[in-house]
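With mmCIF, C-alpha atoms and all ligand atoms inside, this is structure_14.cif:
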```
data_run
loop_
_atom_site.label_atom_id
_atom_site.label_comp_id
_atom_site.auth_asym_id
_atom_site.auth_seq_id
_atom_site.Cartn_x
_atom_site.Cartn_y
_atom_site.Cartn_z
CA MET A 1 -11.18 -11.99 -27.36
CA LYS A 2 -10.55 -15.48 -26.10
CA TYR A 3 -8.83 -14.79 -22.78
CA THR A 4 -9.51 -12.08 -20.26
CA ALA A 5 -8.20 -11.41 -16.76
CA LEU A 6 -10.19 -12.99 -13.95
CA LYS A 7 -12.99 -11.06 -12.27
CA GLY A 8 -11.73 -8.58 -9.69
CA VAL A 9 -8.09 -8.60 -10.80
CA HIS A 10 -6.31 -6.06 -12.96
CA ASP A 11 -3.33 -5.48 -15.17
CA ILE A 12 -1.34 -2.44 -14.14
CA LEU A 13 0.30 -0.81 -17.10
CA PRO A 14 1.72 2.49 -18.33
CA PRO A 15 0.89 5.28 -17.75
CA ASP A 16 -0.73 4.18 -14.44
CA ILE A 17 2.38 2.24 -13.49
CA PHE A 18 4.27 5.55 -13.16
CA ILE A 19 1.90 6.64 -10.41
CA TRP A 20 2.44 3.27 -8.72
CA GLN A 21 6.19 3.74 -8.93
CA LYS A 22 5.91 7.21 -7.44
CA VAL A 23 4.04 5.73 -4.46
CA GLU A 24 6.58 2.91 -4.14
CA LYS A 25 9.39 5.47 -4.05
CA ALA A 26 7.62 7.49 -1.34
CA VAL A 27 7.28 4.28 0.71
CA LYS A 28 11.02 3.62 0.50
CA ASP A 29 11.97 7.24 1.25
CA ILE A 30 9.63 7.88 4.16
CA PHE A 31 9.58 4.44 5.77
CA SER A 32 13.35 4.19 5.77
CA ALA A 33 13.56 7.55 7.56
CA TYR A 34 11.67 5.80 10.36
CA GLY A 35 14.00 2.80 10.29
CA PHE A 36 11.61 0.32 8.66
CA GLN A 37 13.36 -2.31 6.55
CA GLU A 38 11.83 -4.41 3.82
CA LEU A 39 10.56 -7.96 4.32
CA ARG A 40 9.49 -10.17 1.45
CA PRO A 41 7.47 -13.05 2.83
CA PRO A 42 5.91 -15.58 0.44
CA ILE A 43 2.46 -15.08 -1.06
CA ILE A 44 1.23 -18.51 0.03
CA GLU A 45 1.08 -19.66 3.66
CA ALA A 46 -0.49 -22.49 5.61
CA THR A 47 -4.23 -21.73 5.93
CA GLU A 48 -4.05 -22.27 9.68
CA ILE A 49 -1.92 -19.12 10.09
CA PHE A 50 -4.77 -16.91 8.91
CA ILE A 51 -7.53 -18.74 10.76
CA ARG A 52 -5.62 -18.53 14.04
CA SER A 53 -4.76 -14.85 13.75
CA ILE A 54 -7.52 -13.10 11.82
CA GLY A 55 -10.18 -15.15 13.60
CA GLU A 56 -12.73 -17.78 12.60
CA THR A 57 -15.72 -15.43 12.76
CA THR A 58 -14.27 -12.64 10.63
CA ASP A 59 -15.41 -11.88 7.08
CA ILE A 60 -11.97 -12.65 5.73
CA VAL A 61 -11.81 -16.16 7.15
CA GLU A 62 -15.50 -16.97 6.74
CA LYS A 63 -15.95 -15.81 3.18
CA GLU A 64 -12.95 -14.25 1.51
CA MET A 65 -9.94 -16.56 1.50
CA TYR A 66 -8.54 -18.20 -1.59
CA THR A 67 -7.75 -21.59 -0.11
CA PHE A 68 -6.76 -24.79 -1.85
CA THR A 69 -5.08 -28.08 -1.11
CA ASP A 70 -1.81 -28.74 -2.90
CA LYS A 71 -0.83 -32.04 -4.42
CA ALA A 72 0.29 -33.35 -1.05
CA GLY A 73 -3.04 -32.41 0.53
CA ARG A 74 -1.69 -29.40 2.50
CA HIS A 75 -4.16 -26.57 3.19
CA ILE A 76 -2.75 -23.45 1.60
CA THR A 77 -4.07 -19.89 1.34
CA LEU A 78 -3.13 -16.98 -0.89
CA ARG A 79 -2.40 -14.33 1.73
CA PRO A 80 -5.40 -12.07 2.39
CA GLU A 81 -3.23 -9.74 4.51
CA GLY A 82 0.37 -9.35 5.59
CA THR A 83 0.50 -9.19 9.38
CA ALA A 84 0.08 -12.90 10.08
CA PRO A 85 2.83 -13.87 7.58
CA ALA A 86 5.08 -11.15 9.06
CA VAL A 87 4.54 -12.57 12.56
CA ARG A 88 5.25 -16.10 11.33
CA CYS A 89 8.41 -14.82 9.65
CA TYR A 90 9.49 -12.86 12.76
CA ILE A 91 9.27 -15.96 14.95
CA GLU A 92 10.61 -18.49 12.46
CA ASN A 93 13.71 -16.37 11.80
CA HIS A 94 14.26 -15.63 15.54
CA LEU A 95 14.06 -11.90 14.91
CA TYR A 96 12.96 -11.51 18.55
CA THR A 97 16.60 -12.16 19.52
CA LEU A 98 17.53 -8.81 17.93
CA PRO A 99 17.16 -5.58 19.95
CA PRO A 100 13.65 -4.10 19.82
CA PRO A 101 12.04 -2.44 18.09
CA GLN A 102 12.37 -4.52 14.94
CA LYS A 103 10.63 -2.52 12.22
CA PHE A 104 9.63 -3.92 8.85
CA PHE A 105 7.63 -2.97 5.83
CA TYR A 106 6.38 -5.10 2.94
CA TYR A 107 4.65 -4.46 -0.32
CA GLY A 108 2.77 -6.81 -2.57
CA PRO A 109 -0.47 -8.41 -3.70
CA MET A 110 -3.13 -9.71 -1.30
CA PHE A 111 -6.09 -11.86 -2.27
CA ARG A 112 -9.67 -11.77 -1.02
CA TYR A 113 -12.75 -13.26 -2.59
CA GLU A 114 -14.88 -10.12 -2.32
CA ARG A 115 -17.56 -8.66 -4.54
CA PRO A 116 -15.59 -6.49 -6.98
CA GLN A 117 -16.60 -2.82 -6.93
CA ALA A 118 -14.93 0.59 -6.81
CA GLY A 119 -11.93 0.33 -4.48
CA ARG A 120 -12.52 -3.37 -3.83
CA PHE A 121 -10.77 -6.06 -5.81
CA ARG A 122 -9.88 -9.72 -5.49
CA GLN A 123 -6.19 -9.10 -6.01
CA PHE A 124 -5.07 -5.81 -4.52
CA PHE A 125 -1.74 -4.44 -3.33
CA GLN A 126 -0.97 -3.44 0.20
CA ILE A 127 1.88 -1.50 1.70
CA GLY A 128 2.24 -2.86 5.20
CA ALA A 129 4.45 -1.97 8.15
CA GLU A 130 4.96 -3.77 11.45
CA ALA A 131 6.98 -2.76 14.53
CA PHE A 132 7.77 -5.53 17.02
CA GLY A 133 8.83 -5.34 20.64
CA VAL A 134 7.69 -1.96 21.98
CA GLU A 135 4.67 -1.33 24.19
CA ASP A 136 5.35 2.40 24.62
CA PRO A 137 2.57 4.38 22.85
CA LYS A 138 5.29 6.64 21.48
CA ILE A 139 5.76 4.09 18.71
CA ASP A 140 1.99 4.15 17.99
CA SER A 141 2.28 7.89 17.40
CA GLU A 142 5.42 7.44 15.26
CA ILE A 143 3.53 4.99 13.04
CA ILE A 144 0.69 7.47 12.54
CA SER A 145 3.14 10.27 11.88
CA MET A 146 4.95 8.09 9.32
CA LEU A 147 1.63 7.53 7.53
CA LYS A 148 0.87 11.24 7.63
CA LEU A 149 4.26 12.16 6.14
CA PHE A 150 3.87 9.46 3.52
CA PHE A 151 0.51 10.85 2.38
CA GLU A 152 1.90 14.39 2.50
CA ARG A 153 4.85 13.37 0.34
CA LEU A 154 2.33 12.14 -2.22
CA GLY A 155 0.42 15.43 -1.99
CA LEU A 156 -2.76 13.74 -0.73
CA LYS A 157 -5.06 15.99 1.24
CA ASN A 158 -8.42 15.75 3.03
CA LEU A 159 -7.42 12.70 4.99
CA ASN A 160 -8.95 11.89 8.36
CA PHE A 161 -7.10 10.04 11.07
CA GLU A 162 -9.55 8.00 13.13
CA VAL A 163 -8.24 6.36 16.28
CA ASN A 164 -9.58 4.14 19.01
CA SER A 165 -8.48 1.77 21.74
CA ILE A 166 -10.17 -1.59 21.99
CA GLY A 167 -8.43 -2.54 25.25
CA CYS A 168 -6.76 -5.77 26.24
CA GLU A 169 -7.92 -9.18 27.38
CA LYS A 170 -8.61 -7.65 30.81
CA CYS A 171 -11.08 -5.03 29.56
CA ARG A 172 -12.64 -7.23 26.88
CA PRO A 173 -14.89 -9.55 28.98
CA ASP A 174 -16.79 -6.67 30.64
CA TYR A 175 -17.23 -4.93 27.32
CA LYS A 176 -18.47 -8.11 25.67
CA LYS A 177 -21.02 -8.53 28.47
CA ALA A 178 -22.23 -4.96 28.03
CA LEU A 179 -22.57 -5.47 24.27
CA LEU A 180 -24.52 -8.71 24.69
CA ASN A 181 -26.77 -6.97 27.15
CA PHE A 182 -27.38 -4.09 24.78
CA PHE A 183 -27.95 -6.27 21.71
CA SER A 184 -30.10 -8.95 23.38
CA ASP A 185 -33.47 -7.26 22.70
CA LYS A 186 -32.43 -6.11 19.18
CA ILE A 187 -31.15 -9.39 17.86
CA ASN A 188 -34.14 -10.09 15.61
CA GLY A 189 -33.43 -6.97 13.57
CA PHE A 190 -29.87 -8.00 12.71
CA CYS A 191 -28.60 -9.60 9.50
CA PRO A 192 -28.07 -13.40 9.60
CA ASP A 193 -24.31 -12.91 9.98
CA CYS A 194 -24.74 -10.68 13.01
CA LYS A 195 -27.21 -13.12 14.58
CA ARG A 196 -24.40 -15.65 14.47
CA ARG A 197 -21.84 -13.08 15.62
CA PHE A 198 -24.05 -12.38 18.63
CA GLU A 199 -23.42 -15.96 19.77
CA GLN A 200 -19.81 -16.26 18.68
CA ASN A 201 -18.11 -12.87 18.76
CA PRO A 202 -20.36 -9.85 19.50
CA LEU A 203 -17.53 -7.36 18.87
CA ARG A 204 -17.75 -8.27 15.19
CA ILE A 205 -21.26 -6.79 15.03
CA LEU A 206 -19.60 -3.37 15.32
CA ASP A 207 -17.77 -4.02 12.06
CA CYS A 208 -20.83 -5.12 10.04
CA LYS A 209 -21.49 -3.08 6.89
CA VAL A 210 -25.27 -3.84 6.63
CA ASP A 211 -27.42 -0.68 7.04
CA GLU A 212 -29.91 -2.18 9.54
CA CYS A 213 -27.08 -3.37 11.76
CA ILE A 214 -25.37 0.03 11.58
CA GLN A 215 -28.65 1.66 12.73
CA LEU A 216 -29.23 -0.83 15.54
CA ARG A 217 -25.77 -0.44 17.01
CA GLN A 218 -25.74 3.35 17.08
CA ARG A 219 -26.25 3.61 20.81
CA ALA A 220 -24.17 0.56 21.68
CA PRO A 221 -21.85 0.91 24.68
CA ARG A 222 -18.45 2.30 23.75
CA VAL A 223 -15.34 0.28 24.25
CA THR A 224 -13.42 3.33 25.48
CA GLU A 225 -15.68 3.41 28.56
CA PHE A 226 -14.53 -0.08 29.50
CA LEU A 227 -10.76 0.35 29.31
CA CYS A 228 -8.75 -0.85 32.32
CA SER A 229 -6.45 1.71 33.90
CA ASN A 230 -3.36 0.56 31.97
CA CYS A 231 -5.16 0.66 28.63
CA ARG A 232 -6.69 4.05 29.48
CA LYS A 233 -3.25 5.44 30.29
CA HIS A 234 -1.77 3.92 27.12
CA PHE A 235 -4.52 5.48 25.00
CA ASP A 236 -4.28 8.91 26.68
CA THR A 237 -0.51 9.00 26.25
CA PHE A 238 -0.88 7.99 22.61
CA LEU A 239 -3.36 10.84 22.06
CA SER A 240 -1.06 13.33 23.80
CA PHE A 241 1.78 12.36 21.43
CA LEU A 242 -0.52 12.85 18.44
CA LYS A 243 -1.25 16.36 19.70
CA LEU A 244 2.45 17.00 20.21
CA LEU A 245 3.12 15.97 16.60
CA ASN A 246 0.27 18.15 15.30
CA ILE A 247 -1.67 15.22 13.92
CA PRO A 248 -5.38 16.05 13.90
CA TYR A 249 -7.37 12.98 14.88
CA VAL A 250 -10.93 11.91 15.60
CA ILE A 251 -11.74 9.25 18.18
CA ASN A 252 -14.06 6.70 16.60
CA PRO A 253 -15.21 4.44 19.46
CA ASN A 254 -16.93 2.04 17.04
CA MET A 255 -13.78 1.20 15.17
CA VAL A 256 -13.00 -2.38 16.17
CA ARG A 257 -11.51 -3.37 12.80
CA GLY A 258 -12.29 -6.52 10.88
CA LEU A 259 -9.58 -8.75 12.32
CA ASP A 260 -9.58 -10.43 15.72
CA TYR A 261 -5.93 -10.01 16.60
CA TYR A 262 -6.10 -6.33 17.49
CA THR A 263 -5.59 -5.03 21.04
CA ARG A 264 -5.46 -1.45 22.37
CA THR A 265 -4.71 1.11 19.63
CA THR A 266 -6.62 0.79 16.37
CA PHE A 267 -6.71 3.39 13.61
CA GLU A 268 -7.93 4.10 10.11
CA VAL A 269 -7.01 6.76 7.61
CA THR A 270 -10.00 7.67 5.49
CA CYS A 271 -10.60 10.01 2.60
CA GLU A 272 -14.02 11.41 1.71
CA HIS A 273 -13.22 11.45 -2.00
CA LEU A 274 -13.22 7.67 -2.11
CA GLY A 275 -16.97 7.17 -1.58
CA SER A 276 -18.06 4.13 0.38
CA GLN A 277 -14.72 2.30 0.27
CA ASN A 278 -13.06 5.21 1.95
CA ALA A 279 -10.28 3.65 4.04
CA VAL A 280 -6.82 4.14 2.55
CA ALA A 281 -4.93 2.65 5.48
CA ALA A 282 -5.79 0.82 8.65
CA GLY A 283 -4.06 -0.91 11.48
CA GLY A 284 -3.47 -1.28 15.15
CA ARG A 285 -1.71 -3.09 17.98
CA TYR A 286 -1.62 -6.83 18.25
CA ASP A 287 0.18 -7.33 21.54
CA LYS A 288 -0.73 -11.02 21.94
CA LEU A 289 -0.30 -12.36 18.42
CA VAL A 290 3.42 -13.21 18.57
CA GLU A 291 2.82 -15.16 21.77
CA ASP A 292 -0.26 -16.87 20.29
CA PHE A 293 1.94 -18.02 17.42
CA GLY A 294 4.40 -19.60 19.86
CA GLY A 295 6.92 -16.73 20.10
CA PRO A 296 7.97 -14.87 23.24
CA PRO A 297 5.59 -12.20 24.61
CA THR A 298 6.11 -9.34 22.16
CA PRO A 299 3.93 -6.25 21.88
CA ALA A 300 3.57 -5.11 18.27
CA ILE A 301 1.78 -2.63 16.04
CA GLY A 302 1.27 -2.32 12.31
CA PHE A 303 -0.89 -1.15 9.46
CA ALA A 304 -1.69 -1.79 5.84
CA ALA A 305 -2.45 0.79 3.17
CA GLY A 306 -4.35 -0.02 -0.02
CA MET A 307 -2.38 0.82 -3.17
CA GLU A 308 -5.37 0.91 -5.54
CA ARG A 309 -7.17 3.44 -3.35
CA ILE A 310 -4.04 5.60 -3.05
CA THR A 311 -3.31 5.54 -6.77
CA SER A 312 -6.92 6.28 -7.63
CA LEU A 313 -6.82 9.34 -5.35
CA LEU A 314 -3.63 10.49 -7.05
CA LYS A 315 -5.12 9.94 -10.47
CA SER A 316 -8.29 11.84 -9.67
CA SER A 317 -6.24 14.75 -8.32
CA GLY A 318 -4.71 15.10 -11.77
CA ASN A 319 -1.45 13.31 -11.17
CA ARG A 320 0.24 12.37 -14.40
CA GLU A 321 3.65 10.84 -14.21
CA ILE A 322 4.73 10.20 -17.77
CA PRO A 323 8.49 9.93 -18.13
CA ALA A 324 10.11 10.99 -21.38
CA PRO A 325 13.38 10.05 -23.09
CA ALA A 326 16.26 12.51 -22.78
CA VAL A 327 17.42 11.90 -26.33
CA PHE A 328 15.91 10.65 -29.57
CA ILE A 329 18.41 9.75 -32.28
CA ALA A 330 16.96 10.19 -35.76
CA THR A 331 19.08 8.78 -38.57
CA ILE A 332 18.98 8.67 -42.34
CA GLY A 333 20.96 6.03 -44.18
CA SER A 334 22.88 3.01 -43.09
CA PRO A 335 26.21 4.57 -41.90
CA ALA A 336 24.26 7.10 -39.82
CA GLU A 337 22.08 4.39 -38.38
CA LYS A 338 25.16 2.48 -37.19
CA GLU A 339 26.69 5.63 -35.71
CA GLY A 340 23.39 6.39 -33.96
CA LEU A 341 23.20 2.93 -32.48
CA VAL A 342 26.70 3.26 -31.02
CA ILE A 343 25.99 6.70 -29.53
CA ALA A 344 22.72 5.39 -28.09
CA SER A 345 24.41 2.50 -26.36
CA THR A 346 27.15 4.76 -24.90
CA LEU A 347 24.56 7.16 -23.46
CA ARG A 348 22.35 4.32 -22.23
CA GLY A 349 25.37 2.87 -20.46
CA LYS A 350 25.36 6.04 -18.39
CA GLY A 351 21.72 5.58 -17.52
CA ILE A 352 20.41 8.15 -19.98
CA TRP A 353 17.14 7.17 -21.65
CA VAL A 354 17.69 7.13 -25.41
CA GLU A 355 15.29 6.12 -28.18
CA VAL A 356 16.30 5.52 -31.78
CA GLY A 357 14.45 5.66 -35.08
CA TYR A 358 14.11 2.44 -37.05
CA SER A 359 14.97 1.81 -40.70
CA GLY A 360 12.47 2.71 -43.35
CA HIS A 361 11.13 5.66 -41.35
CA SER A 362 11.57 9.08 -42.93
CA LEU A 363 13.21 11.89 -40.96
CA LYS A 364 9.80 13.52 -40.69
CA SER A 365 8.19 10.48 -39.16
CA GLN A 366 11.12 10.05 -36.76
CA MET A 367 10.73 13.70 -35.68
CA ARG A 368 7.02 13.10 -35.13
CA LYS A 369 7.83 10.11 -32.99
CA ALA A 370 10.32 12.15 -30.92
CA ASP A 371 7.60 14.76 -30.41
CA ARG A 372 5.05 12.17 -29.38
CA LEU A 373 7.48 10.74 -26.84
CA SER A 374 8.25 14.28 -25.58
CA ALA A 375 11.96 13.61 -25.95
CA GLU A 376 14.05 16.45 -24.57
CA TYR A 377 16.60 16.42 -27.42
CA VAL A 378 16.72 15.00 -30.91
CA LEU A 379 20.05 14.17 -32.50
CA ILE A 380 19.97 14.10 -36.28
CA ILE A 381 22.53 12.09 -38.22
CA GLY A 382 22.65 11.65 -42.00
CA ASP A 383 25.37 11.22 -44.63
CA ASP A 384 26.32 14.94 -44.41
CA GLU A 385 26.83 14.69 -40.69
CA ILE A 386 28.93 11.55 -41.03
CA ASN A 387 31.10 13.32 -43.62
CA SER A 388 31.46 16.58 -41.69
CA GLY A 389 31.94 14.83 -38.32
CA LYS A 390 29.28 17.07 -36.78
CA LEU A 391 25.76 16.18 -35.91
CA LYS A 392 22.68 18.33 -35.39
CA TRP A 393 20.84 18.61 -32.11
CA LYS A 394 17.41 20.09 -31.47
CA ARG A 395 15.77 20.80 -28.15
CA LEU A 396 12.06 20.19 -28.58
CA SER A 397 10.83 22.34 -25.69
CA ASP A 398 12.13 25.65 -27.11
CA ARG A 399 13.05 24.56 -30.65
CA THR A 400 16.66 25.65 -30.17
CA GLN A 401 19.21 23.79 -32.23
CA GLY A 402 22.90 23.57 -32.96
CA GLU A 403 25.75 21.38 -34.05
CA ILE A 404 28.30 19.39 -32.12
CA SER A 405 31.06 17.09 -33.15
CA PHE A 406 30.67 13.40 -32.48
CA ASN A 407 33.23 13.40 -29.71
CA GLU A 408 31.41 16.24 -27.90
CA VAL A 409 28.25 14.17 -27.55
CA TYR A 410 29.51 12.54 -24.39
CA ASN A 411 30.06 15.86 -22.57
CA PHE A 412 26.96 17.47 -23.99
CA PHE A 413 24.58 14.80 -22.73
CA ILE A 414 26.30 12.95 -20.00
CA ALA A 415 27.76 15.81 -17.97
CA PRO A 416 24.36 17.41 -17.14
CA TYR A 417 23.04 14.06 -15.96
CA LEU A 418 25.94 13.20 -13.68
P1 LIG B 501 -12.63 -2.45 4.24
O1 LIG B 501 -13.34 -2.00 5.46
O2 LIG B 501 -12.49 -1.40 3.17
O3 LIG B 501 -13.11 -3.78 3.74
P2 LIG B 501 -10.64 -3.88 5.65
O4 LIG B 501 -10.95 -3.60 7.07
O5 LIG B 501 -11.02 -5.18 5.07
O6 LIG B 501 -11.14 -2.69 4.72
P3 LIG B 501 -7.80 -4.16 6.00
O7 LIG B 501 -7.85 -5.61 5.97
O8 LIG B 501 -7.45 -3.48 7.24
O9 LIG B 501 -9.12 -3.57 5.38
O10 LIG B 501 -6.84 -3.65 4.84
C1 LIG B 501 -6.19 -2.37 4.87
C2 LIG B 501 -6.40 -1.59 3.62
O11 LIG B 501 -6.29 -2.41 2.46
C3 LIG B 501 -7.81 -1.01 3.48
O12 LIG B 501 -7.91 0.18 4.20
C4 LIG B 501 -7.91 -0.78 1.99
O13 LIG B 501 -7.25 0.41 1.61
C5 LIG B 501 -7.16 -1.95 1.43
N1 LIG B 501 -8.08 -3.03 1.04
C6 LIG B 501 -8.66 -3.97 1.82
N2 LIG B 501 -9.41 -4.81 1.10
C7 LIG B 501 -9.31 -4.41 -0.20
C8 LIG B 501 -9.82 -4.88 -1.44
N3 LIG B 501 -10.60 -5.96 -1.52
N4 LIG B 501 -9.50 -4.21 -2.57
C9 LIG B 501 -8.69 -3.13 -2.53
N5 LIG B 501 -8.17 -2.64 -1.40
C10 LIG B 501 -8.45 -3.27 -0.24
MG MG B 502 -12.75 -5.83 4.08
#
```
Would it be possible to restate this file's structure as structure tokens?
Amino acid sequence: MKYTALKGVHDILPPDIFIWQKVEKAVKDIFSAYGFQELRPPIIEATEIFIRSIGETTDIVEKEMYTFTDKAGRHITLRPEGTAPAVRCYIENHLYTLPPPQKFFYYGPMFRYERPQAGRFRQFFQIGAEAFGVEDPKIDSEIISMLKLFFERLGLKNLNFEVNSIGCEKCRPDYKKALLNFFSDKINGFCPDCKRRFEQNPLRILDCKVDECIQLRQRAPRVTEFLCSNCRKHFDTFLSFLKLLNIPYVINPNMVRGLDYYTRTTFEVTCEHLGSQNAVAAGGRYDKLVEDFGGPPTPAIGFAAGMERITSLLKSSGNREIPAPAVFIATIGSPAEKEGLVIASTLRGKGIWVEVGYSGHSLKSQMRKADRLSAEYVLIIGDDEINSGKLKWKRLSDRTQGEISFNEVYNFFIAPYL
């Protein structure tokens, strides 16, 4: 075939789309119970926004962004993540003038030039949530509990909640020093990227995915030992709320996350069934980002969950979401066909899914089609039915059947669906 989709991007079509829609519905149901409202920021932003927030020495900015100049020479990037655009939107629209917390969620495609593999694509969808204006760790625990309920609603099990605190700008310098100290005699064994990170941003070494680097950093000092008293207290209170809410967690002191804007709480939700790309959701606090972007000091916390990884877990756990029409109208002959079309449009007007047979198809082939679609009912109309004013119905699940007059159709089908 002449044209194919680009490498690392995918069409999403039925029946998979029904699983996607199920997840989208769970997002709306659960997130709105926590007061999160939808934001729809644009997919393109000024490149600068991502460099400033995610950080120059991160994988995303160094290697993964789809960046181009437009016809006026502006530097533009297809968003690789949603937090920076949400922060830009929060400030630009003066949402900080509204009472905190301001809680938002968004859903849509993100773009990263990564090596395509299982669970890793170049266009992928994220469900993101951000809460602005609250420092209290209670909101950190609410965010984790919202994620937990969301995954429970979808019936996903075997999820691990990993949490950490990476401190604030007060704790960071001492920790950086300790890391540099620890890495200084191991530097030759690191990958070229980490050699550079050692000079520029040693924390990033903790996020490297190269085996040798993972080995070499095993005994590295732990950030949790360097927390200042405020960060320590924040973290301990957060953990006590997780206990209160019965959320089992594991502290992972190496989890620094791949983006520079994080402060204090970081977390990841992982699932063993996913293999090496096992994170389904990840996030954390970014208490300085709003200020860095020129807004007022505003603590904030958020996360993003990967749709492809969630839907693949649902698929592999046998989820099949194939909707079926309520009614199939099979007709024989032209008067019946017209009558069928009118009934179909009346029922459809009430939101009932109706399929019709098309001319030239025998009754048998229309019945086969109804079966294939798993329609709940078939209505059969031919010349006899037109003459007698009664049409035949069949329920495919138990093969029951009967007759009703044309003017009973409305009550028969519409009433149960109201
Ligand atoms: P990873 O460690 O898997 O690369 P990340 O740290 O880059 O993840 P985030 O930027 O925090 O991930 O994104 C949050 C979530 O988005 C991830 O946990 C994952 O579910 C999903 N995700 C990230 N990158 C991709 C991708 N290239 N393809 C599909 N899903 C992705
Ligand atoms: Mg990544």
**Shell around stretch 273-281 of chain A at 12 Å using all atoms listed in the file, local window under 3 positions removed, as number ranges by chain** = A: 116-121, 125-129, 143-144, 146-148, 150-151, 156-163, 209, 255, 257, 266-270, 284, 302-317
Closest atom pairs, stretch 117-183 of chain A residues within 12 Å of stretch 93-98 of chain A, only C-alpha atoms, as a Markdown table:
```
| residue | atom | partner | partner_atom | distance |
| --- | --- | --- | --- | --- |
| A:Ala131 | CA | A:Tyr96 | CA | 11.3 |
| A:Phe132 | CA | A:Tyr96 | CA | 8.1 |
| A:Gly133 | CA | A:Tyr96 | CA | 7.7 |
| A:Val134 | CA | A:Tyr96 | CA | 11.4 |
```
**Complete:** Using all atoms listed in the file, the best pick from A:Asp140, A:Asp207, A:Asp193, A:Asp174 as closest to A:Gly283 would be A:Asp140
**Item:** Given 9 Å and all atoms listed in the file, residues near ligand MG 502 (chain B) as a PyMOL selection string
**Value:** chain A and resi 59-60+64+112+114+120+258
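Distances from A:Tyr358, A:Tyr410, A:Tyr175, A:Phe104 to A:Ser334 were compared using only C-alpha atoms, and the smallest one belongs to A:Tyr358.
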**Item:** Shell of 12 Å around A:Glu135, all atoms listed in the file, local chain residues under 5 positions omitted, as a PyMOL selection string
**Value:** chain A and resi 100-101+140-141+230-231+234-235+237-238+263-265+285-288+297-301
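With only C-alpha atoms taken into account, every residue lying no more than 6 Å from the file point (-0.7, -12.2, 13.0) is included here: Ser53, Thr83, Ala84, Val87 and Leu289 of chain A.
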